[in-house]
Amino acid sequence: MEPLPLDGLTVVAVEQAVSAPFATRQLADLGARVIKVERIDGGDFARGYDTAARGLASHFVWCNRGKESIALDLKDPRGLAVVRRLIADADVFVQNLAHGAAARLGLDAATLCAARPRLIAVDISGYGGSGPYADKRAYDMLVQCEAGLVSVTGTPEQPVKAGIPAADIAAAMYAFSGVLAALVRRGTTGRGGPVEVSMLEALAEWMGHPLHHAMHGGEPPARTGLAHAVIAPYDAYPTADGGRVLLSVQNDREWRRLAEQVIGRPELGMDPEFATNAARVARRERTDELVAGALGVLDAEEAVARLEKAGIACARLRDLHELAEHPQLAARERWRQVGSPVGPLRALLPPITLPGGGEARMGDVPALGQHTSALLRAAGMTDEEIAALRRDGVAA
């Protein structure tokens, strides 16, 4: 069996919230050793977001499995010296501190890589290291607004933010892929180098379709709830048992099958008022009434079965409890358990599957400072020196 691709690599992260922790969790899942540096006064503030995961914060459980936690005061020269020692033995360093904070500590990518050319150092920021927004506070919802995501999400009457931290996740995934690209570069040139990712630029890239539609077509796509702005029928429709089924008709052949096999009115397939997508979009309300009438007398399971038999793309509109019990995830055995300070917790295997290799390393969720003593000893400190750091509030 092949080893995990990042076995033998060490990552040090001065991180908080979602963007950097989610990026480094991907590295940990692929075999890297990730050392998470946290504040001594509560640690990563995501630990306090909620208590939904049996007393632990759901954000923290999601983003931080498989890491070693060391709690240090970086404002104290002794704490900062420990981080520098950890970085000296690391392949990758990741930070998402507030703008300017890493530079003041000498932990910005440019400074670190100038001293250690093989190091890959990642700076994750809200808006980038320069420009008029560089110093602006950046939280996920704020960046969703600045990037225009909110403008295309919601109903015609009400824009809404995405229900997940899309800006954080976008930045995390570009940081993750940036590290992988830098590792490839280091393998061929021997040099690592800085990697810079901003939440705004990451999410602006994800806005590609509506952005290009607006820039080149002149009009931003309309907010249409669950409907599609330029395709009909493409929406969620209620079923007799209180469920909702979403369907998508991508071409006129599919519309003819829908009309005949689901709606039960084959003549609609050739009716000029509905025969083309342009005609159906122009008569969206009437098109939706026809579909809703046919599905509304069926329960959700029957509706999906009939649509699938007709070759129409469809889906159940599931809530999160239904996702947790999704039959496809169960059939593919995607659930595992990870350890935590409160016992085993259910977690999904990461979506990158490497057939023939080892399964993702889904390590425990660490308690704050759980590995402080072990890491300090590994850095060459004696028990007396470690006790002094704890006594002085430099380590926890």
# chains A, B, ... in the order shown; residues from 1 in each chain; ligands from 1
>>> residues_around(residues="region 69-74 of chain A", least_positions_apart="4", cutoff="9 Å", atoms="only C-alpha atoms", output="ChimeraX atom specification")
/A:34-43,78-83,105,366-373,375-376,393-396
>>> closest_atom_pairs(of="region 169-254 of chain A", to="region 121-140 of chain A", cutoff="8 Å", atoms="only C-alpha atoms", output="Markdown table")
| residue | atom | partner | partner_atom | distance |
| --- | --- | --- | --- | --- |
| A:Ala171 | CA | A:Ile124 | CA | 7.3 |
| A:Ala175 | CA | A:Val122 | CA | 7.1 |
| A:Val179 | CA | A:Val122 | CA | 7.7 |
| A:Gly192 | CA | A:Ala121 | CA | 7.9 |
| A:Gly193 | CA | A:Ala121 | CA | 6.3 |
| A:Pro194 | CA | A:Ala121 | CA | 4.9 |
| A:Val195 | CA | A:Val122 | CA | 4.6 |
| A:Glu196 | CA | A:Asp123 | CA | 5.0 |
| A:Val197 | CA | A:Ile124 | CA | 4.9 |
| A:Ser198 | CA | A:Ser125 | CA | 4.8 |
| A:Met199 | CA | A:Gly126 | CA | 4.8 |
| A:Leu200 | CA | A:Tyr127 | CA | 5.5 |
| A:Glu201 | CA | A:Tyr127 | CA | 7.2 |
>>> closest_residue(among="A:Phe176, A:Tyr237, A:Phe93, A:Trp206", to="Val11 (chain A)", atoms="only C-alpha atoms")
A:Phe93
>>> residues_around(residues="Asp91 (chain A)", least_positions_apart="4", cutoff="8 Å", atoms="only C-alpha atoms", output="list in words")
Leu9, Thr10, Val11, Ile87, Arg118, Leu119 and Ile120 of chain A
>>> write_last_selection(atoms="all heavy atoms", output="PDB file, in the first residue's frame")
ATOM      1  N   LEU A   9       6.175  15.184   6.160  1.00  0.00           N
ATOM      2  CA  LEU A   9       6.206  16.650   6.123  1.00  0.00           C
ATOM      3  C   LEU A   9       5.674  17.211   7.439  1.00  0.00           C
ATOM      4  O   LEU A   9       4.740  16.668   8.026  1.00  0.00           O
ATOM      5  CB  LEU A   9       5.369  17.186   4.964  1.00  0.00           C
ATOM      6  CG  LEU A   9       5.877  16.865   3.556  1.00  0.00           C
ATOM      7  CD1 LEU A   9       4.894  17.410   2.527  1.00  0.00           C
ATOM      8  CD2 LEU A   9       7.262  17.456   3.326  1.00  0.00           C
ATOM      9  N   THR A  10       6.248  18.319   7.872  1.00  0.00           N
ATOM     10  CA  THR A  10       5.810  18.994   9.089  1.00  0.00           C
ATOM     11  C   THR A  10       5.290  20.377   8.740  1.00  0.00           C
ATOM     12  O   THR A  10       5.943  21.129   7.998  1.00  0.00           O
ATOM     13  CB  THR A  10       6.960  19.106  10.098  1.00  0.00           C
ATOM     14  OG1 THR A  10       7.373  17.794  10.486  1.00  0.00           O
ATOM     15  CG2 THR A  10       6.523  19.872  11.349  1.00  0.00           C
ATOM     16  N   VAL A  11       4.129  20.700   9.282  1.00  0.00           N
ATOM     17  CA  VAL A  11       3.487  21.994   9.076  1.00  0.00           C
ATOM     18  C   VAL A  11       3.337  22.671  10.431  1.00  0.00           C
ATOM     19  O   VAL A  11       2.869  22.047  11.389  1.00  0.00           O
ATOM     20  CB  VAL A  11       2.088  21.831   8.429  1.00  0.00           C
ATOM     21  CG1 VAL A  11       1.412  23.190   8.237  1.00  0.00           C
ATOM     22  CG2 VAL A  11       2.193  21.080   7.105  1.00  0.00           C
ATOM     23  N   ILE A  87       9.487  26.221  13.531  1.00  0.00           N
ATOM     24  CA  ILE A  87       9.546  26.519  12.096  1.00  0.00           C
ATOM     25  C   ILE A  87      10.865  26.052  11.504  1.00  0.00           C
ATOM     26  O   ILE A  87      10.920  25.617  10.343  1.00  0.00           O
ATOM     27  CB  ILE A  87       9.330  28.027  11.854  1.00  0.00           C
ATOM     28  CG1 ILE A  87       7.905  28.432  12.262  1.00  0.00           C
ATOM     29  CG2 ILE A  87       9.567  28.386  10.386  1.00  0.00           C
ATOM     30  CD1 ILE A  87       7.666  29.933  12.246  1.00  0.00           C
ATOM     31  N   ARG A 118      14.053  26.754   1.523  1.00  0.00           N
ATOM     32  CA  ARG A 118      13.252  25.547   1.278  1.00  0.00           C
ATOM     33  C   ARG A 118      11.881  25.614   1.934  1.00  0.00           C
ATOM     34  O   ARG A 118      10.998  24.816   1.619  1.00  0.00           O
ATOM     35  CB  ARG A 118      13.992  24.303   1.779  1.00  0.00           C
ATOM     36  CG  ARG A 118      15.100  23.841   0.856  1.00  0.00           C
ATOM     37  CD  ARG A 118      15.701  22.519   1.317  1.00  0.00           C
ATOM     38  NE  ARG A 118      14.713  21.448   1.404  1.00  0.00           N
ATOM     39  CZ  ARG A 118      14.274  20.725   0.374  1.00  0.00           C
ATOM     40  NH1 ARG A 118      14.727  20.977  -0.852  1.00  0.00           N
ATOM     41  NH2 ARG A 118      13.397  19.758   0.539  1.00  0.00           N
ATOM     42  N   LEU A 119      11.690  26.555   2.838  1.00  0.00           N
ATOM     43  CA  LEU A 119      10.415  26.657   3.544  1.00  0.00           C
ATOM     44  C   LEU A 119       9.321  27.171   2.611  1.00  0.00           C
ATOM     45  O   LEU A 119       9.546  28.086   1.810  1.00  0.00           O
ATOM     46  CB  LEU A 119      10.555  27.614   4.732  1.00  0.00           C
ATOM     47  CG  LEU A 119       9.281  27.834   5.561  1.00  0.00           C
ATOM     48  CD1 LEU A 119       8.930  26.583   6.358  1.00  0.00           C
ATOM     49  CD2 LEU A 119       9.455  29.035   6.505  1.00  0.00           C
ATOM     50  N   ILE A 120       8.152  26.592   2.739  1.00  0.00           N
ATOM     51  CA  ILE A 120       6.944  27.113   2.089  1.00  0.00           C
ATOM     52  C   ILE A 120       6.155  27.847   3.160  1.00  0.00           C
ATOM     53  O   ILE A 120       5.777  27.238   4.171  1.00  0.00           O
ATOM     54  CB  ILE A 120       6.117  25.975   1.465  1.00  0.00           C
ATOM     55  CG1 ILE A 120       6.911  25.310   0.339  1.00  0.00           C
ATOM     56  CG2 ILE A 120       4.773  26.489   0.961  1.00  0.00           C
ATOM     57  CD1 ILE A 120       6.403  23.935  -0.034  1.00  0.00           C
TER      58      ILE A 120
END
>>> atom_distance(atom1="CA of Leu4 (chain A)", atom2="CA of Gly356 (chain A)")
10.2 Å
>>> select_by_dssp(residues="region 133-246 of chain A", states="strand (DSSP E)", output="PyMOL selection string")
chain A and resi 193-198+234-238+244-246
>>> write_last_selection(atoms="C-alpha atoms", output="tab-separated table (two decimals), in the first residue's frame")
chain	number	residue	atom	x	y	z
A	193	GLY	CA	8.84	30.23	-1.23
A	194	PRO	CA	5.93	32.40	-0.17
A	195	VAL	CA	2.29	31.60	-0.98
A	196	GLU	CA	-0.25	34.42	-0.68
A	197	VAL	CA	-4.02	33.92	-0.62
A	198	SER	CA	-6.72	36.49	0.08
A	234	TYR	CA	-35.31	24.24	-12.86
A	235	ASP	CA	-36.57	24.60	-9.29
A	236	ALA	CA	-37.74	22.78	-6.18
A	237	TYR	CA	-41.36	21.65	-6.08
A	238	PRO	CA	-43.42	20.51	-3.07
A	244	ARG	CA	-39.50	19.05	-1.92
A	245	VAL	CA	-37.95	17.69	-5.10
A	246	LEU	CA	-35.69	19.71	-7.35
>>> closest_residue(among="A:Thr353, A:Gln16, A:Asn251, A:Ser151", to="Leu30 (chain A)", atoms="only C-alpha atoms")
A:Thr353
>>> select_by_dssp(residues="region 104-353 of chain A", states="alpha helix (DSSP H)", output="MDAnalysis selection string")
chainID A and resid 104:105 109:115 140:146 166:189 199:206 208:217 252:258 277:282 284:295 300:309 320:324 327:331
>>> write_last_selection(atoms="C-alpha atoms", output="tab-separated table (two decimals), in the first residue's frame")
chain	number	residue	atom	x	y	z
A	104	ARG	CA	5.62	42.53	13.47
A	105	LEU	CA	6.54	39.10	14.84
A	109	ALA	CA	6.17	34.65	4.48
A	110	ALA	CA	8.70	37.00	2.89
A	111	THR	CA	10.84	37.20	6.04
A	112	LEU	CA	10.74	33.48	6.77
A	113	CYS	CA	11.47	32.36	3.21
A	114	ALA	CA	14.36	34.81	2.87
A	115	ALA	CA	16.00	33.06	5.82
A	140	ASP	CA	-16.59	35.66	6.07
A	141	MET	CA	-19.95	37.40	5.70
A	142	LEU	CA	-18.26	40.75	5.04
A	143	VAL	CA	-16.15	39.26	2.26
A	144	GLN	CA	-19.20	37.51	0.80
A	145	CYS	CA	-20.72	40.97	0.47
A	146	GLU	CA	-17.59	42.60	-0.99
A	166	ALA	CA	-17.84	30.37	1.53
A	167	ALA	CA	-15.09	33.02	1.62
A	168	ASP	CA	-13.20	31.16	4.35
A	169	ILE	CA	-13.53	27.85	2.52
A	170	ALA	CA	-12.44	29.36	-0.81
A	171	ALA	CA	-9.31	30.83	0.78
A	172	ALA	CA	-8.61	27.57	2.60
A	173	MET	CA	-8.78	25.47	-0.54
A	174	TYR	CA	-6.53	27.84	-2.51
A	175	ALA	CA	-4.06	27.83	0.38
A	176	PHE	CA	-4.16	24.02	0.38
A	177	SER	CA	-3.63	23.77	-3.37
A	178	GLY	CA	-1.00	26.52	-3.19
A	179	VAL	CA	1.00	24.46	-0.70
A	180	LEU	CA	0.77	21.39	-2.94
A	181	ALA	CA	1.93	23.44	-5.94
A	182	ALA	CA	4.83	24.88	-3.93
A	183	LEU	CA	5.82	21.38	-2.82
A	184	VAL	CA	5.98	20.31	-6.47
A	185	ARG	CA	8.08	23.38	-7.26
A	186	ARG	CA	10.40	22.62	-4.34
A	187	GLY	CA	10.78	19.07	-5.61
A	188	THR	CA	12.12	20.34	-8.93
A	189	THR	CA	13.99	23.51	-7.88
A	199	MET	CA	-10.31	35.69	0.89
A	200	LEU	CA	-11.61	38.36	-1.50
A	201	GLU	CA	-9.55	37.14	-4.45
A	202	ALA	CA	-10.41	33.50	-3.76
A	203	LEU	CA	-14.15	34.17	-3.63
A	204	ALA	CA	-14.00	36.56	-6.59
A	205	GLU	CA	-12.61	33.65	-8.62
A	206	TRP	CA	-15.52	31.50	-7.51
A	208	GLY	CA	-16.65	33.49	-12.29
A	209	HIS	CA	-19.95	32.62	-13.97
A	210	PRO	CA	-22.09	35.51	-12.72
A	211	LEU	CA	-19.10	37.88	-12.93
A	212	HIS	CA	-18.41	37.08	-16.57
A	213	HIS	CA	-22.13	37.11	-17.33
A	214	ALA	CA	-22.33	40.65	-15.96
A	215	MET	CA	-19.04	41.93	-17.41
A	216	HIS	CA	-19.61	40.61	-20.90
A	217	GLY	CA	-23.39	40.43	-21.11
A	252	ASP	CA	-36.15	20.49	-25.16
A	253	ARG	CA	-35.94	16.70	-25.57
A	254	GLU	CA	-36.05	16.38	-21.79
A	255	TRP	CA	-39.01	18.75	-21.67
A	256	ARG	CA	-40.91	16.51	-24.06
A	257	ARG	CA	-40.20	13.47	-21.85
A	258	LEU	CA	-41.25	15.42	-18.75
A	277	ASN	CA	-36.42	26.87	-23.12
A	278	ALA	CA	-36.83	30.53	-24.10
A	279	ALA	CA	-40.61	30.05	-24.26
A	280	ARG	CA	-40.66	28.26	-20.89
A	281	VAL	CA	-38.56	30.97	-19.23
A	282	ALA	CA	-40.90	33.62	-20.65
A	284	ARG	CA	-41.96	30.50	-16.03
A	285	GLU	CA	-44.93	30.88	-13.69
A	286	ARG	CA	-47.20	28.75	-15.85
A	287	THR	CA	-44.40	26.20	-16.50
A	288	ASP	CA	-43.82	25.85	-12.76
A	289	GLU	CA	-47.56	25.45	-12.14
A	290	LEU	CA	-47.67	22.51	-14.57
A	291	VAL	CA	-44.72	20.78	-12.92
A	292	ALA	CA	-45.91	21.53	-9.39
A	293	GLY	CA	-49.34	20.14	-10.18
A	294	ALA	CA	-47.88	16.85	-11.36
A	295	LEU	CA	-45.44	16.40	-8.45
A	300	ALA	CA	-41.07	12.65	-2.61
A	301	GLU	CA	-39.89	9.09	-3.21
A	302	GLU	CA	-42.52	8.52	-5.90
A	303	ALA	CA	-41.69	11.85	-7.55
A	304	VAL	CA	-37.98	11.05	-7.73
A	305	ALA	CA	-38.71	7.56	-9.10
A	306	ARG	CA	-40.96	8.92	-11.84
A	307	LEU	CA	-38.50	11.65	-12.82
A	308	GLU	CA	-35.60	9.20	-12.94
A	309	LYS	CA	-37.60	6.77	-15.06
A	320	LEU	CA	-28.72	18.42	7.53
A	321	HIS	CA	-30.04	15.47	9.51
A	322	GLU	CA	-30.97	13.81	6.21
A	323	LEU	CA	-27.50	14.56	4.84
A	324	ALA	CA	-25.97	12.86	7.89
A	327	PRO	CA	-27.82	6.61	1.59
A	328	GLN	CA	-25.03	7.36	-0.89
A	329	LEU	CA	-22.58	8.36	1.84
A	330	ALA	CA	-23.55	5.26	3.79
A	331	ALA	CA	-23.21	2.94	0.79
>>> decode(residues="region 317-332 of chain A", atoms="all heavy atoms", output="PDB file, in the first residue's frame")
ATOM      1  N   LEU A 317     -34.561  17.694  -1.740  1.00  0.00           N
ATOM      2  CA  LEU A 317     -34.098  18.835  -0.959  1.00  0.00           C
ATOM      3  C   LEU A 317     -33.986  18.360   0.489  1.00  0.00           C
ATOM      4  O   LEU A 317     -34.984  18.256   1.200  1.00  0.00           O
ATOM      5  CB  LEU A 317     -35.084  20.000  -1.079  1.00  0.00           C
ATOM      6  CG  LEU A 317     -34.659  21.310  -0.423  1.00  0.00           C
ATOM      7  CD1 LEU A 317     -33.344  21.805  -0.985  1.00  0.00           C
ATOM      8  CD2 LEU A 317     -35.729  22.375  -0.596  1.00  0.00           C
ATOM      9  N   ARG A 318     -32.772  18.032   0.908  1.00  0.00           N
ATOM     10  CA  ARG A 318     -32.550  17.404   2.216  1.00  0.00           C
ATOM     11  C   ARG A 318     -32.105  18.431   3.241  1.00  0.00           C
ATOM     12  O   ARG A 318     -31.426  19.409   2.913  1.00  0.00           O
ATOM     13  CB  ARG A 318     -31.474  16.315   2.105  1.00  0.00           C
ATOM     14  CG  ARG A 318     -31.855  15.169   1.191  1.00  0.00           C
ATOM     15  CD  ARG A 318     -30.736  14.143   1.101  1.00  0.00           C
ATOM     16  NE  ARG A 318     -31.042  13.114   0.115  1.00  0.00           N
ATOM     17  CZ  ARG A 318     -31.689  11.977   0.391  1.00  0.00           C
ATOM     18  NH1 ARG A 318     -32.082  11.733   1.629  1.00  0.00           N
ATOM     19  NH2 ARG A 318     -31.935  11.099  -0.553  1.00  0.00           N
ATOM     20  N   ASP A 319     -32.470  18.170   4.498  1.00  0.00           N
ATOM     21  CA  ASP A 319     -31.921  18.983   5.574  1.00  0.00           C
ATOM     22  C   ASP A 319     -30.644  18.316   6.080  1.00  0.00           C
ATOM     23  O   ASP A 319     -30.202  17.274   5.573  1.00  0.00           O
ATOM     24  CB  ASP A 319     -32.945  19.204   6.693  1.00  0.00           C
ATOM     25  CG  ASP A 319     -33.374  17.911   7.392  1.00  0.00           C
ATOM     26  OD1 ASP A 319     -32.610  16.920   7.374  1.00  0.00           O
ATOM     27  OD2 ASP A 319     -34.479  17.894   7.982  1.00  0.00           O
ATOM     28  N   LEU A 320     -30.024  18.908   7.088  1.00  0.00           N
ATOM     29  CA  LEU A 320     -28.715  18.420   7.529  1.00  0.00           C
ATOM     30  C   LEU A 320     -28.797  17.062   8.208  1.00  0.00           C
ATOM     31  O   LEU A 320     -27.869  16.244   8.100  1.00  0.00           O
ATOM     32  CB  LEU A 320     -28.074  19.451   8.457  1.00  0.00           C
ATOM     33  CG  LEU A 320     -27.744  20.781   7.762  1.00  0.00           C
ATOM     34  CD1 LEU A 320     -27.211  21.788   8.757  1.00  0.00           C
ATOM     35  CD2 LEU A 320     -26.743  20.574   6.632  1.00  0.00           C
ATOM     36  N   HIS A 321     -29.886  16.792   8.913  1.00  0.00           N
ATOM     37  CA  HIS A 321     -30.039  15.468   9.509  1.00  0.00           C
ATOM     38  C   HIS A 321     -30.162  14.405   8.419  1.00  0.00           C
ATOM     39  O   HIS A 321     -29.620  13.300   8.544  1.00  0.00           O
ATOM     40  CB  HIS A 321     -31.263  15.437  10.431  1.00  0.00           C
ATOM     41  CG  HIS A 321     -31.099  16.268  11.668  1.00  0.00           C
ATOM     42  ND1 HIS A 321     -30.211  15.949  12.663  1.00  0.00           N
ATOM     43  CD2 HIS A 321     -31.695  17.427  12.052  1.00  0.00           C
ATOM     44  CE1 HIS A 321     -30.277  16.852  13.621  1.00  0.00           C
ATOM     45  NE2 HIS A 321     -31.156  17.762  13.275  1.00  0.00           N
ATOM     46  N   GLU A 322     -30.847  14.748   7.330  1.00  0.00           N
ATOM     47  CA  GLU A 322     -30.969  13.808   6.215  1.00  0.00           C
ATOM     48  C   GLU A 322     -29.623  13.623   5.503  1.00  0.00           C
ATOM     49  O   GLU A 322     -29.307  12.521   5.055  1.00  0.00           O
ATOM     50  CB  GLU A 322     -32.024  14.300   5.235  1.00  0.00           C
ATOM     51  CG  GLU A 322     -33.449  14.212   5.781  1.00  0.00           C
ATOM     52  CD  GLU A 322     -34.466  14.854   4.862  1.00  0.00           C
ATOM     53  OE1 GLU A 322     -34.242  16.007   4.423  1.00  0.00           O
ATOM     54  OE2 GLU A 322     -35.504  14.219   4.584  1.00  0.00           O
ATOM     55  N   LEU A 323     -28.836  14.701   5.413  1.00  0.00           N
ATOM     56  CA  LEU A 323     -27.502  14.560   4.842  1.00  0.00           C
ATOM     57  C   LEU A 323     -26.652  13.605   5.684  1.00  0.00           C
ATOM     58  O   LEU A 323     -25.931  12.756   5.148  1.00  0.00           O
ATOM     59  CB  LEU A 323     -26.808  15.923   4.762  1.00  0.00           C
ATOM     60  CG  LEU A 323     -25.329  15.888   4.369  1.00  0.00           C
ATOM     61  CD1 LEU A 323     -25.140  15.292   2.979  1.00  0.00           C
ATOM     62  CD2 LEU A 323     -24.707  17.271   4.456  1.00  0.00           C
ATOM     63  N   ALA A 324     -26.758  13.723   6.997  1.00  0.00           N
ATOM     64  CA  ALA A 324     -25.974  12.859   7.885  1.00  0.00           C
ATOM     65  C   ALA A 324     -26.326  11.386   7.703  1.00  0.00           C
ATOM     66  O   ALA A 324     -25.513  10.511   8.019  1.00  0.00           O
ATOM     67  CB  ALA A 324     -26.179  13.279   9.335  1.00  0.00           C
ATOM     68  N   GLU A 325     -27.525  11.112   7.203  1.00  0.00           N
ATOM     69  CA  GLU A 325     -27.954   9.729   6.969  1.00  0.00           C
ATOM     70  C   GLU A 325     -28.104   9.433   5.479  1.00  0.00           C
ATOM     71  O   GLU A 325     -28.805   8.498   5.098  1.00  0.00           O
ATOM     72  CB  GLU A 325     -29.292   9.483   7.689  1.00  0.00           C
ATOM     73  CG  GLU A 325     -29.255   9.761   9.185  1.00  0.00           C
ATOM     74  CD  GLU A 325     -28.188   8.977   9.912  1.00  0.00           C
ATOM     75  OE1 GLU A 325     -27.935   7.814   9.522  1.00  0.00           O
ATOM     76  OE2 GLU A 325     -27.582   9.525  10.863  1.00  0.00           O
ATOM     77  N   HIS A 326     -27.434  10.207   4.634  1.00  0.00           N
ATOM     78  CA  HIS A 326     -27.602  10.062   3.187  1.00  0.00           C
ATOM     79  C   HIS A 326     -27.233   8.649   2.740  1.00  0.00           C
ATOM     80  O   HIS A 326     -26.155   8.144   3.084  1.00  0.00           O
ATOM     81  CB  HIS A 326     -26.728  11.076   2.456  1.00  0.00           C
ATOM     82  CG  HIS A 326     -27.165  11.343   1.050  1.00  0.00           C
ATOM     83  ND1 HIS A 326     -27.071  10.397   0.055  1.00  0.00           N
ATOM     84  CD2 HIS A 326     -27.713  12.442   0.471  1.00  0.00           C
ATOM     85  CE1 HIS A 326     -27.537  10.900  -1.078  1.00  0.00           C
ATOM     86  NE2 HIS A 326     -27.935  12.144  -0.848  1.00  0.00           N
ATOM     87  N   PRO A 327     -28.099   8.003   1.985  1.00  0.00           N
ATOM     88  CA  PRO A 327     -27.822   6.612   1.593  1.00  0.00           C
ATOM     89  C   PRO A 327     -26.576   6.461   0.728  1.00  0.00           C
ATOM     90  O   PRO A 327     -25.908   5.428   0.781  1.00  0.00           O
ATOM     91  CB  PRO A 327     -29.087   6.202   0.830  1.00  0.00           C
ATOM     92  CG  PRO A 327     -29.736   7.488   0.408  1.00  0.00           C
ATOM     93  CD  PRO A 327     -29.420   8.460   1.482  1.00  0.00           C
ATOM     94  N   GLN A 328     -26.233   7.472  -0.053  1.00  0.00           N
ATOM     95  CA  GLN A 328     -25.032   7.363  -0.890  1.00  0.00           C
ATOM     96  C   GLN A 328     -23.763   7.416  -0.043  1.00  0.00           C
ATOM     97  O   GLN A 328     -22.813   6.644  -0.274  1.00  0.00           O
ATOM     98  CB  GLN A 328     -25.013   8.492  -1.933  1.00  0.00           C
ATOM     99  CG  GLN A 328     -23.840   8.435  -2.902  1.00  0.00           C
ATOM    100  CD  GLN A 328     -23.902   7.260  -3.869  1.00  0.00           C
ATOM    101  OE1 GLN A 328     -24.850   6.486  -3.879  1.00  0.00           O
ATOM    102  NE2 GLN A 328     -22.870   7.125  -4.697  1.00  0.00           N
ATOM    103  N   LEU A 329     -23.745   8.299   0.949  1.00  0.00           N
ATOM    104  CA  LEU A 329     -22.585   8.358   1.842  1.00  0.00           C
ATOM    105  C   LEU A 329     -22.456   7.066   2.636  1.00  0.00           C
ATOM    106  O   LEU A 329     -21.347   6.569   2.866  1.00  0.00           O
ATOM    107  CB  LEU A 329     -22.701   9.549   2.779  1.00  0.00           C
ATOM    108  CG  LEU A 329     -22.684  10.931   2.113  1.00  0.00           C
ATOM    109  CD1 LEU A 329     -22.914  12.018   3.153  1.00  0.00           C
ATOM    110  CD2 LEU A 329     -21.373  11.163   1.368  1.00  0.00           C
ATOM    111  N   ALA A 330     -23.583   6.519   3.048  1.00  0.00           N
ATOM    112  CA  ALA A 330     -23.555   5.261   3.792  1.00  0.00           C
ATOM    113  C   ALA A 330     -23.066   4.112   2.911  1.00  0.00           C
ATOM    114  O   ALA A 330     -22.227   3.302   3.324  1.00  0.00           O
ATOM    115  CB  ALA A 330     -24.937   4.959   4.349  1.00  0.00           C
ATOM    116  N   ALA A 331     -23.579   4.041   1.681  1.00  0.00           N
ATOM    117  CA  ALA A 331     -23.213   2.944   0.785  1.00  0.00           C
ATOM    118  C   ALA A 331     -21.726   2.975   0.445  1.00  0.00           C
ATOM    119  O   ALA A 331     -21.101   1.926   0.261  1.00  0.00           O
ATOM    120  CB  ALA A 331     -24.048   3.012  -0.487  1.00  0.00           C
ATOM    121  N   ARG A 332     -21.158   4.174   0.380  1.00  0.00           N
ATOM    122  CA  ARG A 332     -19.737   4.312   0.055  1.00  0.00           C
ATOM    123  C   ARG A 332     -18.854   4.348   1.302  1.00  0.00           C
ATOM    124  O   ARG A 332     -17.658   4.601   1.224  1.00  0.00           O
ATOM    125  CB  ARG A 332     -19.520   5.560  -0.810  1.00  0.00           C
ATOM    126  CG  ARG A 332     -19.991   5.349  -2.243  1.00  0.00           C
ATOM    127  CD  ARG A 332     -19.849   6.589  -3.102  1.00  0.00           C
ATOM    128  NE  ARG A 332     -18.510   7.184  -3.079  1.00  0.00           N
ATOM    129  CZ  ARG A 332     -17.452   6.723  -3.765  1.00  0.00           C
ATOM    130  NH1 ARG A 332     -17.574   5.622  -4.504  1.00  0.00           N
ATOM    131  NH2 ARG A 332     -16.290   7.336  -3.713  1.00  0.00           N
TER     132      ARG A 332
END
